[in-house]
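Visitor: structure-v2.csv (CSV, C-alpha atoms) pasted underneath:
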```
chain,number,residue,atom,x,y,z
O,1,MET,CA,-85.5,-30.6,46.1
O,2,SER,CA,-82.2,-30.2,44.3
O,3,PHE,CA,-80.5,-33.2,43.0
O,4,THR,CA,-77.9,-34.1,40.4
O,5,PRO,CA,-79.6,-36.2,37.7
O,6,ASP,CA,-78.2,-39.4,36.3
O,7,ILE,CA,-78.5,-38.8,32.6
O,8,ARG,CA,-77.4,-41.2,29.8
O,9,LEU,CA,-76.6,-40.0,26.3
O,10,PHE,CA,-76.5,-42.4,23.4
O,11,SER,CA,-74.7,-40.6,20.6
O,12,CYS,CA,-74.0,-41.4,17.0
O,13,HIS,CA,-70.3,-42.2,16.3
O,14,TYR,CA,-70.1,-39.4,13.7
O,15,THR,CA,-72.0,-36.7,15.5
O,16,SER,CA,-69.9,-37.0,18.6
O,17,GLN,CA,-66.5,-37.9,17.0
O,18,GLN,CA,-64.9,-34.5,17.6
O,19,SER,CA,-66.7,-33.9,20.9
O,20,LEU,CA,-65.2,-37.0,22.3
O,21,ALA,CA,-61.7,-36.6,20.9
O,22,HIS,CA,-58.9,-36.5,23.5
O,23,ASP,CA,-61.2,-38.3,26.0
O,24,GLY,CA,-63.7,-35.6,25.9
O,25,LYS,CA,-61.4,-33.1,27.6
O,26,GLU,CA,-62.5,-30.2,25.4
O,27,LEU,CA,-66.1,-31.0,26.0
O,28,GLN,CA,-65.6,-30.7,29.8
O,29,GLU,CA,-63.8,-27.4,29.4
O,30,LEU,CA,-66.8,-26.1,27.4
O,31,GLY,CA,-69.1,-26.9,30.4
O,32,PHE,CA,-70.7,-30.1,29.3
O,33,PRO,CA,-72.4,-31.5,32.4
O,34,GLU,CA,-70.2,-34.2,34.1
O,35,ASN,CA,-73.3,-36.1,35.2
O,36,ILE,CA,-74.1,-37.1,31.6
O,37,ARG,CA,-72.7,-40.5,30.8
O,38,ILE,CA,-72.0,-40.9,27.1
O,39,THR,CA,-72.3,-44.1,25.2
O,40,ARG,CA,-71.1,-43.8,21.6
O,41,ILE,CA,-72.8,-46.2,19.2
O,42,PRO,CA,-72.0,-46.8,15.5
O,43,CYS,CA,-75.4,-45.5,14.4
O,44,THR,CA,-78.4,-44.3,16.4
O,45,GLY,CA,-80.5,-46.5,14.1
O,46,LYS,CA,-79.1,-49.5,15.9
O,47,LEU,CA,-80.2,-48.2,19.3
O,48,GLU,CA,-82.9,-50.6,20.6
O,49,ILE,CA,-85.9,-49.6,22.7
O,50,ALA,CA,-84.8,-52.2,25.2
O,51,THR,CA,-81.4,-50.5,25.6
O,52,MET,CA,-83.1,-47.2,26.6
O,53,LEU,CA,-85.4,-49.0,29.0
O,54,LYS,CA,-82.5,-50.8,30.5
O,55,ALA,CA,-80.8,-47.5,31.2
O,56,PHE,CA,-83.9,-46.6,33.3
O,57,GLU,CA,-83.7,-50.0,35.1
O,58,ASP,CA,-80.1,-49.2,35.8
O,59,GLY,CA,-81.0,-46.0,37.6
O,60,ALA,CA,-81.0,-43.3,34.9
O,61,ASP,CA,-83.2,-40.3,35.5
O,62,ALA,CA,-83.3,-39.5,31.8
O,63,VAL,CA,-82.0,-40.8,28.5
O,64,TYR,CA,-81.3,-38.8,25.4
O,65,VAL,CA,-80.1,-39.6,21.9
O,66,VAL,CA,-78.0,-37.5,19.6
O,67,GLY,CA,-78.0,-38.5,16.0
O,68,CYS,CA,-77.4,-37.0,12.6
O,69,PRO,CA,-79.6,-34.4,11.1
O,70,VAL,CA,-82.9,-35.9,9.9
O,71,ASN,CA,-82.0,-35.7,6.2
O,72,GLY,CA,-78.3,-36.0,6.6
O,73,CYS,CA,-77.7,-39.3,8.3
O,74,HIS,CA,-74.4,-41.0,7.5
O,75,ASN,CA,-76.5,-44.3,7.3
O,76,VAL,CA,-79.3,-42.6,5.4
O,77,GLN,CA,-82.2,-43.2,7.8
O,78,GLY,CA,-80.5,-44.2,11.0
O,79,SER,CA,-81.4,-41.1,13.0
O,80,GLN,CA,-84.9,-41.2,11.7
O,81,ARG,CA,-85.3,-44.7,13.0
O,82,ALA,CA,-83.8,-43.7,16.3
O,83,ALA,CA,-86.3,-40.8,16.6
O,84,LYS,CA,-89.2,-43.3,16.1
O,85,ARG,CA,-87.8,-45.5,18.8
O,86,VAL,CA,-87.4,-42.6,21.1
O,87,ALA,CA,-91.0,-41.7,20.4
O,88,ALA,CA,-92.0,-45.2,21.3
O,89,VAL,CA,-90.2,-45.1,24.6
O,90,ARG,CA,-91.9,-41.8,25.4
O,91,GLU,CA,-95.2,-43.5,24.8
O,92,MET,CA,-94.2,-46.4,27.1
O,93,LEU,CA,-93.2,-43.9,29.8
O,94,GLN,CA,-96.6,-42.3,29.5
O,95,GLU,CA,-98.2,-45.7,29.9
O,96,LEU,CA,-96.3,-46.1,33.1
O,97,ASP,CA,-97.5,-42.6,34.1
O,98,VAL,CA,-94.0,-41.2,34.0
O,99,GLU,CA,-93.0,-37.9,32.4
O,100,PRO,CA,-92.2,-38.5,28.7
O,101,GLU,CA,-89.7,-35.6,28.8
O,102,ARG,CA,-87.3,-38.0,30.4
O,103,VAL,CA,-86.5,-39.2,26.9
O,104,ARG,CA,-85.5,-37.0,24.0
O,105,MET,CA,-84.0,-37.1,20.5
O,106,TYR,CA,-81.7,-34.5,19.2
O,107,HIS,CA,-80.6,-34.3,15.6
O,108,LEU,CA,-77.3,-32.5,15.4
O,109,SER,CA,-74.6,-31.8,12.9
O,110,ARG,CA,-71.1,-33.4,13.2
O,111,GLY,CA,-68.4,-31.6,15.1
O,112,LEU,CA,-67.9,-30.1,18.5
O,113,HIS,CA,-70.2,-27.1,18.4
O,114,PRO,CA,-72.4,-25.2,20.9
O,115,GLU,CA,-75.5,-27.2,20.1
O,116,PHE,CA,-74.0,-30.4,21.5
O,117,ILE,CA,-73.2,-28.7,24.8
O,118,LYS,CA,-76.6,-26.9,24.7
O,119,ALA,CA,-78.5,-30.2,24.4
O,120,GLY,CA,-76.7,-31.6,27.4
O,121,LEU,CA,-77.4,-28.4,29.5
O,122,GLU,CA,-81.0,-28.4,28.4
O,123,MET,CA,-81.5,-32.0,29.4
O,124,ASN,CA,-79.8,-31.4,32.7
O,125,THR,CA,-81.9,-28.4,33.5
O,126,ARG,CA,-85.1,-30.1,32.5
O,127,ILE,CA,-84.5,-33.2,34.5
O,128,ALA,CA,-83.3,-31.3,37.6
O,129,LYS,CA,-86.6,-29.6,37.5
O,130,ILE,CA,-88.7,-32.7,37.0
O,131,GLY,CA,-86.9,-34.6,39.7
O,132,PRO,CA,-85.6,-38.1,40.3
O,133,SER,CA,-86.8,-41.1,38.3
O,134,PRO,CA,-89.7,-42.9,40.0
O,135,PHE,CA,-88.2,-46.2,39.2
X,136,MET,CA,-99.9,-64.9,9.7
X,137,ILE,CA,-101.8,-64.2,12.9
X,138,VAL,CA,-101.5,-60.5,13.7
X,139,ALA,CA,-101.5,-59.2,17.3
X,140,GLU,CA,-100.6,-56.1,19.3
X,141,ARG,CA,-99.5,-55.6,22.9
X,142,LYS,CA,-102.2,-55.0,25.4
X,143,PRO,CA,-102.1,-51.7,27.3
X,144,LEU,CA,-99.4,-51.9,29.9
X,145,ALA,CA,-101.7,-51.1,32.8
X,146,GLU,CA,-103.8,-54.1,31.9
X,147,ILE,CA,-100.8,-56.4,32.0
X,148,LEU,CA,-99.5,-54.9,35.2
X,149,GLU,CA,-102.9,-55.5,36.8
X,150,MET,CA,-102.8,-59.2,35.8
X,151,VAL,CA,-99.4,-59.8,37.4
X,152,LYS,CA,-99.5,-57.5,40.4
X,153,GLU,CA,-99.6,-60.4,42.9
X,154,CYS,CA,-96.7,-62.3,41.1
X,155,LYS,CA,-93.2,-62.6,42.5
X,156,LYS,CA,-91.5,-64.4,39.7
X,157,ILE,CA,-92.6,-63.9,36.1
X,158,LEU,CA,-91.5,-65.6,32.9
X,159,VAL,CA,-92.2,-63.4,29.9
X,160,LEU,CA,-92.4,-66.0,27.1
X,161,ALA,CA,-91.9,-65.0,23.5
X,162,CYS,CA,-93.1,-66.9,20.5
X,163,ARG,CA,-90.9,-67.1,17.4
X,164,GLY,CA,-93.8,-67.7,15.1
X,165,CYS,CA,-96.3,-65.2,13.6
X,166,VAL,CA,-96.0,-62.7,16.4
X,167,THR,CA,-92.3,-62.3,15.8
X,168,VAL,CA,-93.0,-61.5,12.1
X,169,CYS,CA,-95.6,-58.9,13.1
X,170,SER,CA,-93.3,-57.5,15.8
X,171,ALA,CA,-95.8,-58.0,18.6
X,172,GLY,CA,-94.5,-60.9,20.6
X,173,GLY,CA,-91.0,-62.1,19.5
X,174,GLU,CA,-87.9,-62.1,21.5
X,175,ARG,CA,-87.3,-58.4,21.0
X,176,GLU,CA,-90.8,-57.5,22.2
X,177,ALA,CA,-90.6,-59.9,25.1
X,178,GLU,CA,-87.4,-58.2,26.2
X,179,ILE,CA,-89.1,-54.8,26.1
X,180,LEU,CA,-92.1,-56.1,28.0
X,181,ALA,CA,-90.0,-57.7,30.6
X,182,SER,CA,-88.3,-54.4,31.2
X,183,LEU,CA,-91.6,-52.5,31.3
X,184,ILE,CA,-93.0,-55.0,33.8
X,185,ARG,CA,-89.9,-54.6,36.0
X,186,LEU,CA,-90.1,-50.8,35.8
X,187,GLY,CA,-93.9,-50.8,36.4
X,188,MET,CA,-93.6,-53.1,39.4
X,189,LYS,CA,-90.7,-51.1,40.9
X,190,LYS,CA,-92.7,-47.8,40.5
X,191,SER,CA,-95.6,-49.4,42.4
X,192,GLY,CA,-93.2,-50.5,45.1
X,193,LEU,CA,-93.7,-54.2,44.3
X,194,SER,CA,-90.8,-56.6,44.3
X,195,CYS,CA,-90.8,-59.0,41.4
X,196,GLU,CA,-88.2,-61.1,39.5
X,197,VAL,CA,-88.8,-61.1,35.7
X,198,ILE,CA,-87.1,-63.4,33.4
X,199,GLU,CA,-87.4,-63.9,29.6
X,200,GLY,CA,-87.6,-66.9,27.4
X,201,SER,CA,-88.8,-67.9,24.0
X,202,LEU,CA,-90.2,-70.9,22.2
X,203,VAL,CA,-90.1,-71.9,18.6
X,204,ARG,CA,-93.9,-71.8,18.7
X,205,GLN,CA,-96.4,-71.9,21.5
X,206,CYS,CA,-99.0,-73.7,19.4
X,207,ASP,CA,-97.3,-77.2,19.4
X,208,ARG,CA,-97.2,-79.6,22.3
X,209,GLU,CA,-93.5,-80.4,21.9
X,210,TYR,CA,-92.4,-76.8,22.0
X,211,VAL,CA,-94.7,-76.0,25.0
X,212,ASP,CA,-93.2,-78.9,26.9
X,213,ALA,CA,-89.9,-77.0,26.7
X,214,ILE,CA,-91.2,-74.6,29.3
X,215,ASP,CA,-89.9,-77.3,31.8
X,216,GLN,CA,-86.5,-75.7,31.4
X,217,TRP,CA,-87.7,-72.7,33.5
X,218,GLN,CA,-89.3,-74.9,36.1
X,219,GLY,CA,-89.1,-73.3,39.6
X,220,GLN,CA,-88.2,-69.9,38.1
X,221,TYR,CA,-91.7,-68.5,37.7
X,222,ASP,CA,-95.0,-68.4,39.4
X,223,ALA,CA,-96.7,-67.0,36.3
X,224,ILE,CA,-96.1,-67.0,32.6
X,225,VAL,CA,-96.9,-63.8,30.6
X,226,SER,CA,-97.2,-65.1,27.1
X,227,THR,CA,-96.5,-62.8,24.1
X,228,ALA,CA,-97.9,-65.4,21.7
X,229,CYS,CA,-101.3,-65.0,20.1
X,230,GLY,CA,-104.4,-66.4,21.8
X,231,VAL,CA,-103.7,-69.9,20.5
X,232,GLY,CA,-100.4,-70.0,22.4
X,233,VAL,CA,-102.0,-68.9,25.6
X,234,ASN,CA,-104.7,-71.5,25.2
X,235,PHE,CA,-102.0,-74.2,24.5
X,236,ILE,CA,-100.1,-73.4,27.6
X,237,ALA,CA,-103.3,-73.5,29.6
X,238,ASN,CA,-104.3,-76.8,28.0
X,239,LEU,CA,-101.0,-78.5,28.6
X,240,ARG,CA,-99.9,-77.0,31.9
X,241,PRO,CA,-102.8,-77.3,34.3
X,242,ASN,CA,-100.8,-76.0,37.2
X,243,ASP,CA,-99.2,-73.0,35.5
X,244,ASN,CA,-100.7,-69.5,35.7
X,245,VAL,CA,-100.6,-68.0,32.2
X,246,PHE,CA,-101.6,-64.4,31.2
X,247,PRO,CA,-101.9,-62.9,27.7
X,248,ALA,CA,-99.7,-60.0,26.9
X,249,LEU,CA,-101.3,-59.5,23.5
X,250,ASN,CA,-104.6,-58.9,21.9
X,251,THR,CA,-104.9,-61.2,18.9
X,252,THR,CA,-106.4,-59.1,16.1
X,253,PHE,CA,-106.6,-60.8,12.8
X,254,PHE,CA,-105.2,-63.0,10.0
X,255,GLY,CA,-103.3,-60.7,7.8
X,256,GLY,CA,-100.1,-59.8,5.9
X,257,SER,CA,-97.5,-57.0,5.8
X,258,ALA,CA,-99.0,-54.3,3.6
X,259,GLU,CA,-95.8,-52.4,4.0
X,260,GLN,CA,-93.1,-52.1,6.6
X,261,GLY,CA,-94.8,-51.6,10.0
X,262,ILE,CA,-98.3,-51.9,8.6
X,263,TRP,CA,-100.4,-55.1,8.6
X,264,SER,CA,-103.9,-55.6,7.0
X,265,GLU,CA,-106.6,-58.2,7.5
X,266,GLN,CA,-106.9,-60.6,4.6
X,267,CYS,CA,-108.7,-63.7,5.8
X,268,ALA,CA,-111.4,-64.4,8.4
X,269,GLY,CA,-110.8,-68.1,8.8
X,270,CYS,CA,-114.4,-68.7,8.0
X,271,GLY,CA,-113.9,-72.3,7.0
X,272,ASP,CA,-115.6,-72.2,3.6
X,273,CYS,CA,-113.4,-70.3,1.2
X,274,VAL,CA,-115.0,-68.4,-1.7
X,275,LEU,CA,-111.8,-66.9,-3.1
X,276,HIS,CA,-112.2,-68.9,-6.4
X,277,LEU,CA,-115.4,-67.0,-7.0
X,278,THR,CA,-114.1,-63.6,-6.2
X,279,GLY,CA,-110.8,-63.3,-8.0
X,280,GLY,CA,-108.8,-64.2,-4.9
X,281,LEU,CA,-110.1,-61.2,-2.8
X,282,CYS,CA,-112.0,-62.1,0.3
X,283,PRO,CA,-115.4,-60.5,0.8
X,284,VAL,CA,-115.8,-62.1,4.3
X,285,ALA,CA,-112.7,-60.5,5.8
X,286,ARG,CA,-112.4,-57.3,3.6
X,287,CYS,CA,-116.0,-56.2,3.2
X,288,ALA,CA,-117.3,-54.4,6.3
X,289,LYS,CA,-120.6,-56.2,5.9
X,290,SER,CA,-119.1,-59.6,4.8
X,291,LEU,CA,-121.5,-59.5,1.8
X,292,MET,CA,-121.5,-62.5,-0.5
X,293,ASN,CA,-123.3,-60.6,-3.3
X,294,GLY,CA,-121.7,-57.1,-3.2
X,295,PRO,CA,-121.2,-54.3,-3.6
X,296,CYS,CA,-123.8,-52.9,-1.1
X,297,GLY,CA,-124.4,-49.6,-2.9
X,298,GLY,CA,-122.8,-47.5,-0.2
X,299,SER,CA,-119.4,-47.2,-1.6
X,300,VAL,CA,-118.1,-44.0,-3.2
X,301,ASP,CA,-115.3,-43.8,-5.7
X,302,GLY,CA,-114.3,-47.3,-4.8
X,303,ARG,CA,-114.1,-46.6,-1.1
X,304,CYS,CA,-116.2,-48.1,1.7
X,305,GLU,CA,-118.9,-46.1,3.3
X,306,ILE,CA,-117.6,-47.0,6.8
X,307,ASP,CA,-114.4,-45.2,6.1
X,308,PRO,CA,-113.1,-43.4,3.1
X,309,ASN,CA,-109.6,-44.8,3.7
X,310,VAL,CA,-110.9,-48.4,3.3
X,311,ASP,CA,-111.1,-49.8,-0.2
X,312,CYS,CA,-114.4,-51.4,-1.2
X,313,VAL,CA,-113.4,-55.0,-1.8
X,314,TRP,CA,-116.4,-55.6,-4.0
X,315,GLN,CA,-115.2,-52.7,-6.3
X,316,MET,CA,-111.8,-54.4,-6.3
X,317,ILE,CA,-113.3,-57.8,-7.1
X,318,TYR,CA,-115.4,-56.3,-9.9
X,319,ASP,CA,-112.4,-54.5,-11.4
X,320,ARG,CA,-110.2,-57.5,-11.1
X,321,MET,CA,-112.7,-59.9,-12.6
X,322,GLY,CA,-113.0,-57.5,-15.5
X,323,ARG,CA,-109.2,-57.5,-16.0
X,324,LEU,CA,-109.2,-61.3,-16.0
X,325,ASP,CA,-112.2,-61.3,-18.4
X,326,ARG,CA,-114.3,-63.1,-15.8
X,327,GLN,CA,-116.8,-60.4,-15.0
X,328,GLN,CA,-119.6,-62.7,-16.4
X,329,GLU,CA,-119.1,-65.0,-13.4
X,330,MET,CA,-120.4,-62.2,-11.2
X,331,THR,CA,-123.9,-62.4,-12.6
X,332,LYS,CA,-124.5,-65.6,-10.6
X,333,SER,CA,-125.9,-65.1,-7.2
X,334,ALA,CA,-123.9,-66.7,-4.4
X,335,PRO,CA,-126.0,-69.2,-2.5
X,336,ILE,CA,-127.2,-68.6,1.1
X,337,ARG,CA,-124.2,-69.2,3.2
X,338,ASP,CA,-123.9,-71.8,5.9
X,339,TRP,CA,-121.9,-70.0,8.6
X,340,SER,CA,-121.6,-73.0,10.9
X,341,THR,CA,-118.0,-73.5,9.5
X,342,ALA,CA,-117.1,-70.0,10.7
X,343,GLY,CA,-117.2,-70.9,14.4
X,344,HIS,CA,-120.9,-70.3,14.9
X,345,GLY,CA,-121.2,-74.1,15.2
X,346,GLY,CA,-118.9,-74.2,18.2
X,347,PRO,CA,-115.1,-74.6,18.4
X,348,ARG,CA,-113.7,-76.1,15.2
X,349,LYS,CA,-111.4,-79.1,15.0
X,350,GLN,CA,-109.6,-80.6,12.1
X,351,VAL,CA,-108.5,-84.3,11.9
X,352,ARG,CA,-106.2,-85.7,9.2
X,353,GLU,CA,-106.3,-89.5,9.6
X,354,ASP,CA,-103.2,-89.8,7.4
X,355,LEU,CA,-101.2,-87.8,9.9
X,356,THR,CA,-102.5,-89.1,13.2
X,357,VAL,CA,-100.5,-91.7,15.1
X,358,SER,CA,-103.1,-93.4,17.4
```
Would you encode the structure as structure tokens?
Guide:
Amino acid sequence: MSFTPDIRLFSCHYTSQQSLAHDGKELQELGFPENIRITRIPCTGKLEIATMLKAFEDGADAVYVVGCPVNGCHNVQGSQRAAKRVAAVREMLQELDVEPERVRMYHLSRGLHPEFIKAGLEMNTRIAKIGPSPF
Amino acid sequence: MIVAERKPLAEILEMVKECKKILVLACRGCVTVCSAGGEREAEILASLIRLGMKKSGLSCEVIEGSLVRQCDREYVDAIDQWQGQYDAIVSTACGVGVNFIANLRPNDNVFPALNTTFFGGSAEQGIWSEQCAGCGDCVLHLTGGLCPVARCAKSLMNGPCGGSVDGRCEIDPNVDCVWQMIYDRMGRLDRQQEMTKSAPIRDWSTAGHGGPRKQVREDLTVS
């Protein structure tokens, strides 16, 4: 069954600064999936587990987080904290007998570069294959 | 503090599968400090219950609340503010909190969200370790402040047992032998001579083996 997944991206302010410049126009031109809704946060280290779960409650099929490189976070350990919380949500999904692949952490450098687009395309392909959220 | 951890989600969902309105009730005491049952964890659990119920095709309303503590009558009485909004309480307090709700609210269903594990402290961020067994007859003055009841795998009163290797317990090489620690510490404090005395045979009735324990302070009671 083919469907268009509802994917939520929580992205670090710094990582996505250039990508989201001019209302993300350039991002769209480069083929970033339109079905990915981006929420920009000051630091991924502030992203709470409850916020990711709430996204699933609100109908998301998948959630992913883009933060600074592991050892290059603007806020020192923010993206490392985010990665741990993403891992915790993956475990919680497993407890619910749901595919943990619906949640993922990416560590990317600042700037509008192919990896940012690639991460979005990768999530889109993966979730399209897995199917709609069971929630 | 009392240390606890969340029960497996499947176990919690099984408890509440018949419920239509659930109050997930956090405790702002010990379980907040050990990140098991404070407001943050209750918010997460409420979300997980909603997701789990939805996945099973069950309809359920889940709200969240919190009390200063769940081990005091006056705070437990504050549950009245959610009257009519729940048919079951899922408490994220320790076992004491769940018992208090059961004691004081005879008509309320209450379920435990946590397994209460031990009395301990924060060894480092995200790690808690057992330090006290609440045995009711403290011997820390004899052991340099380190508890052989809680921290020796055999709760020996005259250790070490002889099974430790390089200061580590024979049950697990990652566990310190507390009797080695006691010996070293007493030496540093120039009190090693005290260890030549044998501890007397212990009366374990204070440790809960004599039934549930109760403490009365006449200077504080009001009736």
Visitor: What does the structure give for the distance between CA of Phe246 in chain X and CA of Glu48 in chain O, in Å to one decimal?
Guide: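 Distance reported for this atom pair: 25.5 Å.
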Visitor: Identify which of the residues O:Leu93, O:Leu20, O:Ala87, O:Leu30 lies closest to Pro114 in chain O, counting all atoms listed in the file when measuring atom-to-atom distances.
Guide: O:Leu30
Visitor: Between CA of Val103 in chain O and CA of Val65 in chain O, what is the distance, to one decimal in Å?
Guide: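 Between these atoms lies a distance of 8.1 Å.
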Visitor: Could you list the residues in chain X lying within 9 Å of chain O, using all atoms listed in the file, and format the result as a PyMOL selection string?
Guide: chain X and resi 143-145+175-176+178-180+182-183+185-192
Visitor: With C-alpha atoms retained, write the just-selected residues as a compact mmCIF listing (two decimals), in the coordinates of the input.
Guide:
```txt
# COMPACT_ATOMS: atom_id res chain seq x y z
CA PRO X 143 -102.10 -51.70 27.30
CA LEU X 144 -99.40 -51.90 29.90
CA ALA X 145 -101.70 -51.10 32.80
CA ARG X 175 -87.30 -58.40 21.00
CA GLU X 176 -90.80 -57.50 22.20
CA GLU X 178 -87.40 -58.20 26.20
CA ILE X 179 -89.10 -54.80 26.10
CA LEU X 180 -92.10 -56.10 28.00
CA SER X 182 -88.30 -54.40 31.20
CA LEU X 183 -91.60 -52.50 31.30
CA ARG X 185 -89.90 -54.60 36.00
CA LEU X 186 -90.10 -50.80 35.80
CA GLY X 187 -93.90 -50.80 36.40
CA MET X 188 -93.60 -53.10 39.40
CA LYS X 189 -90.70 -51.10 40.90
CA LYS X 190 -92.70 -47.80 40.50
CA SER X 191 -95.60 -49.40 42.40
CA GLY X 192 -93.20 -50.50 45.10
```
Visitor: Nearest residue to Asn250 in chain X out of X:Pro295, X:Pro283, X:Gly230, X:Gly302, using all atoms listed in the file?
Guide: X:Gly230
Visitor: What is the distance between CA of Ser11 in chain O and CA of Glu259 in chain X, in Å to one decimal?
Guide: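 Answer for the CA of Ser11 in chain O to CA of Glu259 in chain X separation: 29.3 Å.
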Visitor: Which protein, DNA or RNA residues are at most 12 Å from (-82.8, -33.8, 30.6) in the file's coordinates when you count all atoms listed in the file, listed as a PyMOL selection string?
Guide: chain O and resi 4-9+33+35-36+60-65+99-106+118-133
Visitor: Using only C-alpha atoms, pick whichever of X:Arg208, X:Lys155, X:Arg286, X:Lys332 has the shortest atom-to-atom distance to Ile317 in chain X.
Guide: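 With only C-alpha atoms as the atom set, the closest residue is X:Arg286.
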Visitor: Compute the distance from (-91.7, -54.8, 12.1) to each atom, counting all atoms listed in the file, keep the residues with any atom at most 6 Å away, and return them as a tab-separated table (two decimals) with C-alpha atoms, in the frame of the given file; use the coordinates of the file.
Guide:
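Done, and the output landed in point-v8.tsv:
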```tsv
chain	number	residue	atom	x	y	z
X	169	CYS	CA	-95.60	-58.90	13.10
X	170	SER	CA	-93.30	-57.50	15.80
X	261	GLY	CA	-94.80	-51.60	10.00
```
Visitor: Write out as a VMD selection string which residues come within 10 Å of Ala82 in chain O when counting all atoms listed in the file, dropping same-chain ones fewer than 2 positions away.
Guide: chain O and resid 43 to 49 65 to 68 77 to 80 84 to 88 105 to 107
Visitor: Residues of the last selection are to be written out with C-alpha atoms, as a PDB file, in the frame of the given file.
Guide:
```
ATOM      1  CA  CYS O  43     -75.400 -45.500  14.400  1.00  0.00           C
ATOM      2  CA  THR O  44     -78.400 -44.300  16.400  1.00  0.00           C
ATOM      3  CA  GLY O  45     -80.500 -46.500  14.100  1.00  0.00           C
ATOM      4  CA  LYS O  46     -79.100 -49.500  15.900  1.00  0.00           C
ATOM      5  CA  LEU O  47     -80.200 -48.200  19.300  1.00  0.00           C
ATOM      6  CA  GLU O  48     -82.900 -50.600  20.600  1.00  0.00           C
ATOM      7  CA  ILE O  49     -85.900 -49.600  22.700  1.00  0.00           C
ATOM      8  CA  VAL O  65     -80.100 -39.600  21.900  1.00  0.00           C
ATOM      9  CA  VAL O  66     -78.000 -37.500  19.600  1.00  0.00           C
ATOM     10  CA  GLY O  67     -78.000 -38.500  16.000  1.00  0.00           C
ATOM     11  CA  CYS O  68     -77.400 -37.000  12.600  1.00  0.00           C
ATOM     12  CA  GLN O  77     -82.200 -43.200   7.800  1.00  0.00           C
ATOM     13  CA  GLY O  78     -80.500 -44.200  11.000  1.00  0.00           C
ATOM     14  CA  SER O  79     -81.400 -41.100  13.000  1.00  0.00           C
ATOM     15  CA  GLN O  80     -84.900 -41.200  11.700  1.00  0.00           C
ATOM     16  CA  LYS O  84     -89.200 -43.300  16.100  1.00  0.00           C
ATOM     17  CA  ARG O  85     -87.800 -45.500  18.800  1.00  0.00           C
ATOM     18  CA  VAL O  86     -87.400 -42.600  21.100  1.00  0.00           C
ATOM     19  CA  ALA O  87     -91.000 -41.700  20.400  1.00  0.00           C
ATOM     20  CA  ALA O  88     -92.000 -45.200  21.300  1.00  0.00           C
ATOM     21  CA  MET O 105     -84.000 -37.100  20.500  1.00  0.00           C
ATOM     22  CA  TYR O 106     -81.700 -34.500  19.200  1.00  0.00           C
ATOM     23  CA  HIS O 107     -80.600 -34.300  15.600  1.00  0.00           C
TER      24      HIS O 107
END
```
Visitor: When distances are computed from all atoms listed in the file, which of X:Thr252, X:Ser340, X:Gln260, X:Ser201 shows the smallest separation from Ile137 in chain X?
Guide: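 That would be X:Thr252, the residue with the smallest distance to Ile137 in chain X.
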Visitor: In terms of the shortest atom-to-atom distance over all atoms listed in the file, which of O:Gln94, O:Asn71, O:Ser109, O:Ser2 is closest to Gln17 in chain O?
Guide: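 Between O:Gln94, O:Asn71, O:Ser109, O:Ser2, the residue approaching Gln17 in chain O most closely is O:Ser109.
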Visitor: Which residues are near Thr341 in chain X? Cut-off 12 Å, all atoms listed in the file, ignore same chain within fewer than 3 positions. Put them as a compact mmCIF listing (two decimals) with C-alpha atoms, in the coordinates of the input.
Guide:
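To be explicit, this is the file written out as around13.txt:
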```txt
# COMPACT_ATOMS: atom_id res chain seq x y z
CA ALA X 268 -111.40 -64.40 8.40
CA GLY X 269 -110.80 -68.10 8.80
CA CYS X 270 -114.40 -68.70 8.00
CA GLY X 271 -113.90 -72.30 7.00
CA ASP X 272 -115.60 -72.20 3.60
CA CYS X 273 -113.40 -70.30 1.20
CA ARG X 337 -124.20 -69.20 3.20
CA ASP X 338 -123.90 -71.80 5.90
CA HIS X 344 -120.90 -70.30 14.90
CA GLY X 345 -121.20 -74.10 15.20
CA GLY X 346 -118.90 -74.20 18.20
CA PRO X 347 -115.10 -74.60 18.40
CA ARG X 348 -113.70 -76.10 15.20
CA LYS X 349 -111.40 -79.10 15.00
CA GLN X 350 -109.60 -80.60 12.10
```
Visitor: Calculated over all atoms listed in the file, which of the candidates X:Thr227, X:Thr356, X:Gln327, X:Ser333 has the smallest distance to Ala171 in chain X?
Guide: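 With all atoms listed in the file as the atom set, the closest residue is X:Thr227.
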